[in-house]
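Data block below; observations after.
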Amino acid sequence: MSVKYEALRAPWPLTLPARPALDTATNARPRLDSIDLLRGLVMVLMALDHTRDFFGASGMNPRDVADPALFLTRWITHYCAPIFILLAGTSAYLYGARGRSTAEISRFLITRGFWLMVLEFTVVRLGWTFDTGLDFFVTQVIWAIGASMVVLAGLVWLPRAAIGAIGIAMIVGHNAFDGVTASDIGMHGWIWNFLHEPKLLTLAPGSQLYALYPLIPWAGVMAAGYALGPVFLLDAKVRRRLLLDLGAAITVAFVVLRLSNVYGDPAPWAVQDTTLSTALSVLNVEKYPPSLLYLMMTLGPALMLLALFERARGDLAQWITTFGRVPLLYYVAHIFLIHAAAVVLALVVIGDAAWLLGGLPSAKPAGYGLPLPGVYAVWLMVVVALYPLCAWFAQLKRRRSEWWWSYL
C-alpha cells in the first residue's frame, strides 16, 4: 500500500490524603460527574477533529495561522488527548480508592493497557483505514493511553509524591531533548521514535508503522493525573478551590513562558501580518510530541473546567456526560461512522472512494472536501447519531458488575 502524508507538525505544599482503604461491600465507586462531563466534552470535540480529517479539504494537521477559522477548528481539539490521558490517570487512582491493593491496581493497568494497544492495531486501525491487511499501522491516542497505563502499572508501587514528581519531570523536562534524534542513537534509534521523535518506520518489506504518539511525555501526563487523584476525595469546596488555583497558575505560567520564547516548544512564536495571526502564532505549539507549552495550554484550563463543571446542571450537561461514561465505545463507533459517511460522500461527489480504503485520509483528490460549515454540520449529526447507542451502553454498564466491564 502506498500512503502519502502531509507533514504532521506535527510541589505543592498541601498534604493530601493517601488512598483510603474503602470497604468495597459498603462503598460505591468514587465517581464525580465533573470528570465524566469534561471527558464527554473533549470526546465531542474529538469528533470534530476527525470529521474534519475525513470531510474537510485540508490535511490532517492544519497549522496555518493565516487561516484563523481552520486553525482554530484544529486548535480547539488539541484539548482532547491531554485531558483524556490526564483523566485516565485520575480514574486509575479512583479505581484503587475502592479498597484495591497496589498489586490489584498494577495488574489492572497492565492488562487494560495491553488490551488497548491490541485494540489500536486491530479494531481502531480497521476503523481508520477500512483495511484488513498488515501493511500499515499507526500508534495513535489509544496506543498512547494503553502504553502509559503499562508504565503507570510500575509507578504505582512508588509513593504518590514520587509518581507526581516523575510525571512532572517528564512533562517539564522532555523538551530539553528536542535536539536528540534517532540517528544520533544508532541501530537502536527506533526506540527513541517510540519515546520522543515521531517517525514512519519500516517493520518489514511492505509493512510500515507510523510512531505518531511518542510515549514521552504522555506517560508523564497520566502519572500526573494519578497523583492528582486524592484531590477528588477532598471536600467539594476545598477541591474546587485547589483545581481553580492550580489551573489558573498553570495557564498564567503558559502565557509568561510562551511569550518569553525561552523554553517549552521547538518553534518560537513570531510577529505576523495581522494581530490575530500573531495571537494564533502564540497558540501554535507542538503536539507531536506534545511540548511543555502544549500541555500547559491545555491542562491548565482543563483543571479549571473540572472545578466549574462540579456545578454544571441541566439536560445538556447530562447529555454530554453520557459520552464521558462510555469513552471506548464512543471512540470506536465514531471513527467507523465518520469513515463510512466519508466513503458515501466521496462516491456521490467524485465517484471514487478507493483513496479512503487502505490508509489515513491525508491525501485527498481534487474536488473532494466540504467547507468548514459543512464539516461542522456533519460533526453535529455524528454526535447526535451516536447518543442513543452511548446512552444504552451507559445504562447497561451501570447494571452489570462482572469484572470485564472495566475493560469496555
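Numbering starts fresh at 1 for the residues of each chain in the C-alpha cells, the chains themselves are lettered A, B, ... in the order given, and ligands are numbered from 1 as they appear.
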As a list in words, please: every residue in region 209-388 of chain A that a backbone DSSP assignment puts in strand (DSSP E or B). Leu209, Tyr210, Ala211 and Leu370 of chain A
So that I have them on file, write out the residues from the current selection with all heavy atoms, as a PDB file, in the first residue's frame.
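The result, stored in part28.pdb:
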ATOM      1  N   LEU A 209       5.047   1.230  10.131  1.00  0.00           N
ATOM      2  CA  LEU A 209       4.387   1.700  11.342  1.00  0.00           C
ATOM      3  C   LEU A 209       4.756   3.154  11.557  1.00  0.00           C
ATOM      4  O   LEU A 209       5.939   3.511  11.555  1.00  0.00           O
ATOM      5  CB  LEU A 209       4.795   0.864  12.556  1.00  0.00           C
ATOM      6  CG  LEU A 209       4.117   1.232  13.889  1.00  0.00           C
ATOM      7  CD1 LEU A 209       3.906  -0.014  14.739  1.00  0.00           C
ATOM      8  CD2 LEU A 209       4.920   2.260  14.675  1.00  0.00           C
ATOM      9  N   TYR A 210       3.743   3.990  11.729  1.00  0.00           N
ATOM     10  CA  TYR A 210       3.977   5.395  11.992  1.00  0.00           C
ATOM     11  C   TYR A 210       3.905   5.620  13.501  1.00  0.00           C
ATOM     12  O   TYR A 210       2.831   5.549  14.099  1.00  0.00           O
ATOM     13  CB  TYR A 210       2.925   6.245  11.274  1.00  0.00           C
ATOM     14  CG  TYR A 210       3.269   7.724  11.205  1.00  0.00           C
ATOM     15  CD1 TYR A 210       4.499   8.213  11.636  1.00  0.00           C
ATOM     16  CD2 TYR A 210       2.351   8.623  10.682  1.00  0.00           C
ATOM     17  CE1 TYR A 210       4.809   9.543  11.549  1.00  0.00           C
ATOM     18  CE2 TYR A 210       2.646   9.980  10.592  1.00  0.00           C
ATOM     19  CZ  TYR A 210       3.881  10.430  11.037  1.00  0.00           C
ATOM     20  OH  TYR A 210       4.183  11.759  10.961  1.00  0.00           O
ATOM     21  N   ALA A 211       5.056   5.855  14.135  1.00  0.00           N
ATOM     22  CA  ALA A 211       5.113   6.146  15.568  1.00  0.00           C
ATOM     23  C   ALA A 211       4.726   7.614  15.753  1.00  0.00           C
ATOM     24  O   ALA A 211       5.568   8.501  15.775  1.00  0.00           O
ATOM     25  CB  ALA A 211       6.513   5.879  16.107  1.00  0.00           C
ATOM     26  N   LEU A 370     -15.603  19.269   2.088  1.00  0.00           N
ATOM     27  CA  LEU A 370     -16.629  20.240   2.408  1.00  0.00           C
ATOM     28  C   LEU A 370     -16.003  21.502   2.986  1.00  0.00           C
ATOM     29  O   LEU A 370     -14.954  21.438   3.635  1.00  0.00           O
ATOM     30  CB  LEU A 370     -17.601  19.660   3.444  1.00  0.00           C
ATOM     31  CG  LEU A 370     -18.390  18.408   3.048  1.00  0.00           C
ATOM     32  CD1 LEU A 370     -19.235  17.950   4.228  1.00  0.00           C
ATOM     33  CD2 LEU A 370     -19.268  18.682   1.838  1.00  0.00           C
TER      34      LEU A 370
END
Might you pull out every residue within 10 Å of Leu38 (chain A), with only C-alpha atoms counted and same-chain residues fewer than 6 positions away left off, and present them as a PDB file with C-alpha atoms, in the first residue's frame?
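Dumped everything to part.pdb:
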ATOM      1  CA  VAL A  44     -17.419  15.548  21.425  1.00  0.00           C
ATOM      2  CA  CYS A  80      -8.771  16.230  23.702  1.00  0.00           C
ATOM      3  CA  ILE A  83      -7.354  15.903  29.067  1.00  0.00           C
ATOM      4  CA  PHE A  84      -8.329  12.341  28.221  1.00  0.00           C
ATOM      5  CA  LEU A  87      -8.304  11.867  33.464  1.00  0.00           C
ATOM      6  CA  ALA A 302      -8.834  21.670  31.992  1.00  0.00           C
ATOM      7  CA  LEU A 303      -8.286  21.828  35.753  1.00  0.00           C
ATOM      8  CA  LEU A 305     -13.138  23.364  33.988  1.00  0.00           C
ATOM      9  CA  LEU A 306     -13.114  20.390  36.356  1.00  0.00           C
ATOM     10  CA  PHE A 309     -18.218  21.576  36.000  1.00  0.00           C
ATOM     11  CA  GLU A 310     -18.984  20.408  39.537  1.00  0.00           C
ATOM     12  CA  ALA A 317     -24.607  18.609  30.802  1.00  0.00           C
ATOM     13  CA  ILE A 320     -22.515  15.271  27.289  1.00  0.00           C
ATOM     14  CA  THR A 321     -21.767  13.325  30.479  1.00  0.00           C
ATOM     15  CA  PHE A 323     -20.466  10.194  26.286  1.00  0.00           C
ATOM     16  CA  GLY A 324     -17.887  10.514  29.053  1.00  0.00           C
TER      17      GLY A 324
END
- [ ] Please provide as a ChimeraX atom specification all residues within 8 Å of Ile168 (chain A), with the sequence filter that same-chain residues fewer than 3 positions apart are discarded (counting only C-alpha atoms).
- [x] /A:164-165,171-172,220-221,224
Export, as a PDB file, in the first residue's frame, the selected residues with N, CA, C and O atoms.
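Saved result, again.pdb, follows:
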ATOM      1  N   GLY A 164       4.055  11.654  41.168  1.00  0.00           N
ATOM      2  CA  GLY A 164       3.816  13.011  40.683  1.00  0.00           C
ATOM      3  C   GLY A 164       5.086  13.675  40.214  1.00  0.00           C
ATOM      4  O   GLY A 164       5.100  14.361  39.179  1.00  0.00           O
ATOM      5  N   ALA A 165       6.181  13.481  40.943  1.00  0.00           N
ATOM      6  CA  ALA A 165       7.452  14.106  40.560  1.00  0.00           C
ATOM      7  C   ALA A 165       7.949  13.563  39.222  1.00  0.00           C
ATOM      8  O   ALA A 165       8.452  14.318  38.375  1.00  0.00           O
ATOM      9  N   ILE A 171       6.954  15.884  31.846  1.00  0.00           N
ATOM     10  CA  ILE A 171       6.236  16.966  31.173  1.00  0.00           C
ATOM     11  C   ILE A 171       7.132  18.179  30.993  1.00  0.00           C
ATOM     12  O   ILE A 171       7.204  18.771  29.909  1.00  0.00           O
ATOM     13  N   VAL A 172       7.835  18.557  32.054  1.00  0.00           N
ATOM     14  CA  VAL A 172       8.626  19.784  32.038  1.00  0.00           C
ATOM     15  C   VAL A 172       9.957  19.609  31.328  1.00  0.00           C
ATOM     16  O   VAL A 172      10.418  20.500  30.612  1.00  0.00           O
ATOM     17  N   GLY A 220       3.919  10.701  31.366  1.00  0.00           N
ATOM     18  CA  GLY A 220       4.027  11.673  32.445  1.00  0.00           C
ATOM     19  C   GLY A 220       2.703  12.350  32.743  1.00  0.00           C
ATOM     20  O   GLY A 220       2.388  12.639  33.910  1.00  0.00           O
ATOM     21  N   VAL A 221       1.917  12.616  31.711  1.00  0.00           N
ATOM     22  CA  VAL A 221       0.595  13.213  31.912  1.00  0.00           C
ATOM     23  C   VAL A 221      -0.297  12.269  32.700  1.00  0.00           C
ATOM     24  O   VAL A 221      -1.012  12.677  33.624  1.00  0.00           O
ATOM     25  N   ALA A 224       0.820  12.222  36.300  1.00  0.00           N
ATOM     26  CA  ALA A 224       0.375  13.435  36.986  1.00  0.00           C
ATOM     27  C   ALA A 224      -1.103  13.342  37.337  1.00  0.00           C
ATOM     28  O   ALA A 224      -1.532  13.776  38.415  1.00  0.00           O
TER      29      ALA A 224
END
May I have a table of the residues of region 311-338 of chain A lying at most 9 Å from region 50-69 of chain A, giving each one's closest pair of atoms and their distance in Å to one decimal, counting only C-alpha atoms, ordered by chain and ascending residue number, as a tab-separated table?
residue	atom	partner	partner_atom	distance
A:His334	CA	A:His50	CA	8.7
A:Ile335	CA	A:His50	CA	7.5
A:Ile338	CA	A:Thr51	CA	6.2
- Any idea what the distance is between CA of Arg160 (chain A) and CA of Phe108 (chain A)?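 Separation between CA of Arg160 (chain A) and CA of Phe108 (chain A): 17.8 Å.
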Near Ala92 (chain A), counting only C-alpha atoms, which residues have an atom at most 9 Å away, once you skip same-chain residues fewer than 2 positions from it, shown as a list in words?
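Contacts, in chain order: Leu87, Ala88, Gly89, Thr90, Leu94, Tyr95, Gly96, Ala97, Ile105, Leu109, Met149, Gly225, Tyr226 and Gly229 of chain A.
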Output the selection as an mmCIF file, in the first residue's frame - N, CA, C and O atoms for each residue.
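Ended up saving to selection11.cif:
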data_model
loop_
_atom_site.group_PDB
_atom_site.id
_atom_site.type_symbol
_atom_site.label_atom_id
_atom_site.label_comp_id
_atom_site.auth_asym_id
_atom_site.auth_seq_id
_atom_site.Cartn_x
_atom_site.Cartn_y
_atom_site.Cartn_z
ATOM 1 N N LEU A 87 -7.167 12.443 32.748
ATOM 2 C CA LEU A 87 -8.304 11.867 33.464
ATOM 3 C C LEU A 87 -8.206 10.348 33.558
ATOM 4 O O LEU A 87 -8.735 9.744 34.492
ATOM 5 N N ALA A 88 -7.527 9.717 32.605
ATOM 6 C CA ALA A 88 -7.305 8.270 32.714
ATOM 7 C C ALA A 88 -6.449 7.960 33.928
ATOM 8 O O ALA A 88 -6.679 6.964 34.635
ATOM 9 N N GLY A 89 -5.441 8.801 34.185
ATOM 10 C CA GLY A 89 -4.624 8.619 35.380
ATOM 11 C C GLY A 89 -5.426 8.840 36.653
ATOM 12 O O GLY A 89 -5.314 8.070 37.615
ATOM 13 N N THR A 90 -6.250 9.886 36.669
ATOM 14 C CA THR A 90 -7.097 10.152 37.833
ATOM 15 C C THR A 90 -8.078 9.006 38.063
ATOM 16 O O THR A 90 -8.304 8.575 39.197
ATOM 17 N N LEU A 94 -8.843 6.565 41.362
ATOM 18 C CA LEU A 94 -10.162 6.348 41.945
ATOM 19 C C LEU A 94 -10.566 4.885 41.869
ATOM 20 O O LEU A 94 -11.310 4.390 42.714
ATOM 21 N N TYR A 95 -10.087 4.176 40.844
ATOM 22 C CA TYR A 95 -10.311 2.730 40.756
ATOM 23 C C TYR A 95 -9.706 2.039 41.977
ATOM 24 O O TYR A 95 -10.317 1.154 42.585
ATOM 25 N N GLY A 96 -8.509 2.465 42.377
ATOM 26 C CA GLY A 96 -7.869 1.892 43.550
ATOM 27 C C GLY A 96 -8.499 2.337 44.849
ATOM 28 O O GLY A 96 -8.383 1.650 45.870
ATOM 29 N N ALA A 97 -9.191 3.470 44.812
ATOM 30 C CA ALA A 97 -9.802 4.004 46.029
ATOM 31 C C ALA A 97 -10.999 3.185 46.492
ATOM 32 O O ALA A 97 -11.600 3.494 47.525
ATOM 33 N N ILE A 105 -4.258 -2.934 41.506
ATOM 34 C CA ILE A 105 -4.239 -1.765 40.627
ATOM 35 C C ILE A 105 -3.230 -1.981 39.498
ATOM 36 O O ILE A 105 -3.518 -1.731 38.328
ATOM 37 N N LEU A 109 -3.953 -2.194 35.442
ATOM 38 C CA LEU A 109 -3.349 -1.257 34.498
ATOM 39 C C LEU A 109 -2.566 -1.989 33.410
ATOM 40 O O LEU A 109 -2.615 -1.610 32.237
ATOM 41 N N MET A 149 -0.579 3.346 30.560
ATOM 42 C CA MET A 149 -1.097 2.530 31.659
ATOM 43 C C MET A 149 -0.084 1.470 32.082
ATOM 44 O O MET A 149 0.070 1.200 33.281
ATOM 45 N N GLY A 225 -1.909 12.771 36.430
ATOM 46 C CA GLY A 225 -3.329 12.586 36.715
ATOM 47 C C GLY A 225 -3.548 11.642 37.882
ATOM 48 O O GLY A 225 -4.435 11.863 38.715
ATOM 49 N N TYR A 226 -2.733 10.601 37.965
ATOM 50 C CA TYR A 226 -2.834 9.665 39.091
ATOM 51 C C TYR A 226 -2.488 10.371 40.395
ATOM 52 O O TYR A 226 -3.186 10.221 41.410
ATOM 53 N N GLY A 229 -5.203 12.387 41.862
ATOM 54 C CA GLY A 229 -6.403 11.666 42.272
ATOM 55 C C GLY A 229 -6.941 11.994 43.646
ATOM 56 O O GLY A 229 -8.157 12.181 43.813
#
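Closest to Gln140 (chain A) among A:Trp115, A:Trp192, A:Phe232, A:Tyr288 is A:Tyr288, based on only C-alpha atoms.
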Which residues are close to Leu242 (chain A), i.e. within 10 Å by only C-alpha atoms, leaving aside same-chain residues fewer than 6 positions away? Reply as a compact mmCIF listing (two decimals) with all heavy atoms, in the first residue's frame.
# COMPACT_ATOMS: atom_id res chain seq x y z
N LEU A 14 0.30 21.52 49.99
CA LEU A 14 -0.79 20.91 50.74
C LEU A 14 -0.61 19.41 50.84
O LEU A 14 -0.31 18.74 49.86
CB LEU A 14 -2.13 21.22 50.06
CG LEU A 14 -3.36 20.64 50.74
CD1 LEU A 14 -3.57 21.30 52.08
CD2 LEU A 14 -4.58 20.83 49.85
N VAL A 231 -7.13 14.59 45.28
CA VAL A 231 -7.87 15.86 45.32
C VAL A 231 -9.37 15.61 45.21
O VAL A 231 -10.19 16.31 45.81
CB VAL A 231 -7.38 16.80 44.20
CG1 VAL A 231 -8.29 18.02 44.07
CG2 VAL A 231 -5.95 17.25 44.46
N LEU A 234 -11.38 15.00 48.42
CA LEU A 234 -11.48 16.08 49.39
C LEU A 234 -12.89 16.67 49.42
O LEU A 234 -13.72 16.39 48.55
CB LEU A 234 -10.48 17.19 49.03
CG LEU A 234 -8.99 16.83 49.09
CD1 LEU A 234 -8.16 17.99 48.56
CD2 LEU A 234 -8.57 16.47 50.51
N ALA A 236 -15.79 19.12 48.72
CA ALA A 236 -16.05 19.72 47.41
C ALA A 236 -15.54 21.16 47.32
O ALA A 236 -14.96 21.57 46.31
CB ALA A 236 -17.55 19.67 47.11
N ALA A 248 -5.36 27.93 37.13
CA ALA A 248 -5.04 29.32 36.80
C ALA A 248 -3.54 29.54 36.81
O ALA A 248 -2.99 30.25 35.94
CB ALA A 248 -5.73 30.25 37.80
N LEU A 303 -8.10 21.90 34.30
CA LEU A 303 -8.29 21.83 35.75
C LEU A 303 -9.33 22.84 36.22
O LEU A 303 -10.14 22.54 37.12
CB LEU A 303 -6.95 22.08 36.45
CG LEU A 303 -5.87 21.02 36.20
CD1 LEU A 303 -4.57 21.41 36.88
CD2 LEU A 303 -6.32 19.65 36.69
N MET A 304 -9.33 24.01 35.61
CA MET A 304 -10.35 25.00 35.98
C MET A 304 -11.74 24.52 35.57
O MET A 304 -12.71 24.71 36.30
CB MET A 304 -10.02 26.35 35.34
CG MET A 304 -8.78 27.02 35.95
SD MET A 304 -8.53 28.71 35.37
CE MET A 304 -7.83 28.39 33.74
N ALA A 307 -13.24 22.13 38.04
CA ALA A 307 -13.84 22.80 39.19
C ALA A 307 -15.20 23.40 38.83
O ALA A 307 -16.19 23.23 39.56
CB ALA A 307 -12.91 23.90 39.70
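Interatomic distance, CA of Leu126 (chain A) to CA of Leu337 (chain A): 12.0 Å.
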Could you name the residues that touch Asp352 (chain A) at 12 Å or less, counting only C-alpha atoms, but leaving out those on the same chain fewer than 2 positions away, as a ChimeraX atom specification? /A:342-350,354-357,364-368
Interatomic distance between CA of Arg100 (chain A) and CA of Gly146 (chain A)?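 So the answer is 20.4 Å.
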With 12 Å as the cut-off and only C-alpha atoms counted, what is the closest atom pair between each nearby residue of region 162-191 of chain A and region 212-215 of chain A? Distances in Å to one decimal, ordered by chain and number, as JSON lines.
{"residue": "A:Gly167", "atom": "CA", "partner": "A:Leu215", "partner_atom": "CA", "distance": 11.9}
{"residue": "A:Met170", "atom": "CA", "partner": "A:Leu215", "partner_atom": "CA", "distance": 10.0}
{"residue": "A:Ile171", "atom": "CA", "partner": "A:Leu215", "partner_atom": "CA", "distance": 11.1}
{"residue": "A:His174", "atom": "CA", "partner": "A:Leu215", "partner_atom": "CA", "distance": 10.9}
{"residue": "A:Trp190", "atom": "CA", "partner": "A:Pro214", "partner_atom": "CA", "distance": 11.1}
{"residue": "A:Ile191", "atom": "CA", "partner": "A:Pro214", "partner_atom": "CA", "distance": 9.8}
Exercise for review: Tell me which protein, DNA and RNA residues are within 10 Å of Leu293 (chain A), counting only C-alpha atoms, leaving out same-chain ones fewer than 2 positions away, and put them as number ranges by chain.
Suggested key: A: 171-172, 175, 250-251, 253-255, 257-258, 263-266, 283-287, 290-291, 295-299
Report as a ChimeraX atom specification: the residues of region 208-383 of chain A with a DSSP assignment of helix (DSSP H, G or I), based on the backbone of this structure. /A:215-233,236-260,275-283,292-309,315-324,327-349,354-356,372-383
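Closest to Phe136 (chain A) among A:Ala204, A:Leu280, A:Ile216, A:Val378 is A:Ala204, based on only C-alpha atoms.
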For Phe393 (chain A), the closest of A:Arg325, A:Pro361, A:Tyr407, A:Ser183 counting only C-alpha atoms is A:Arg325
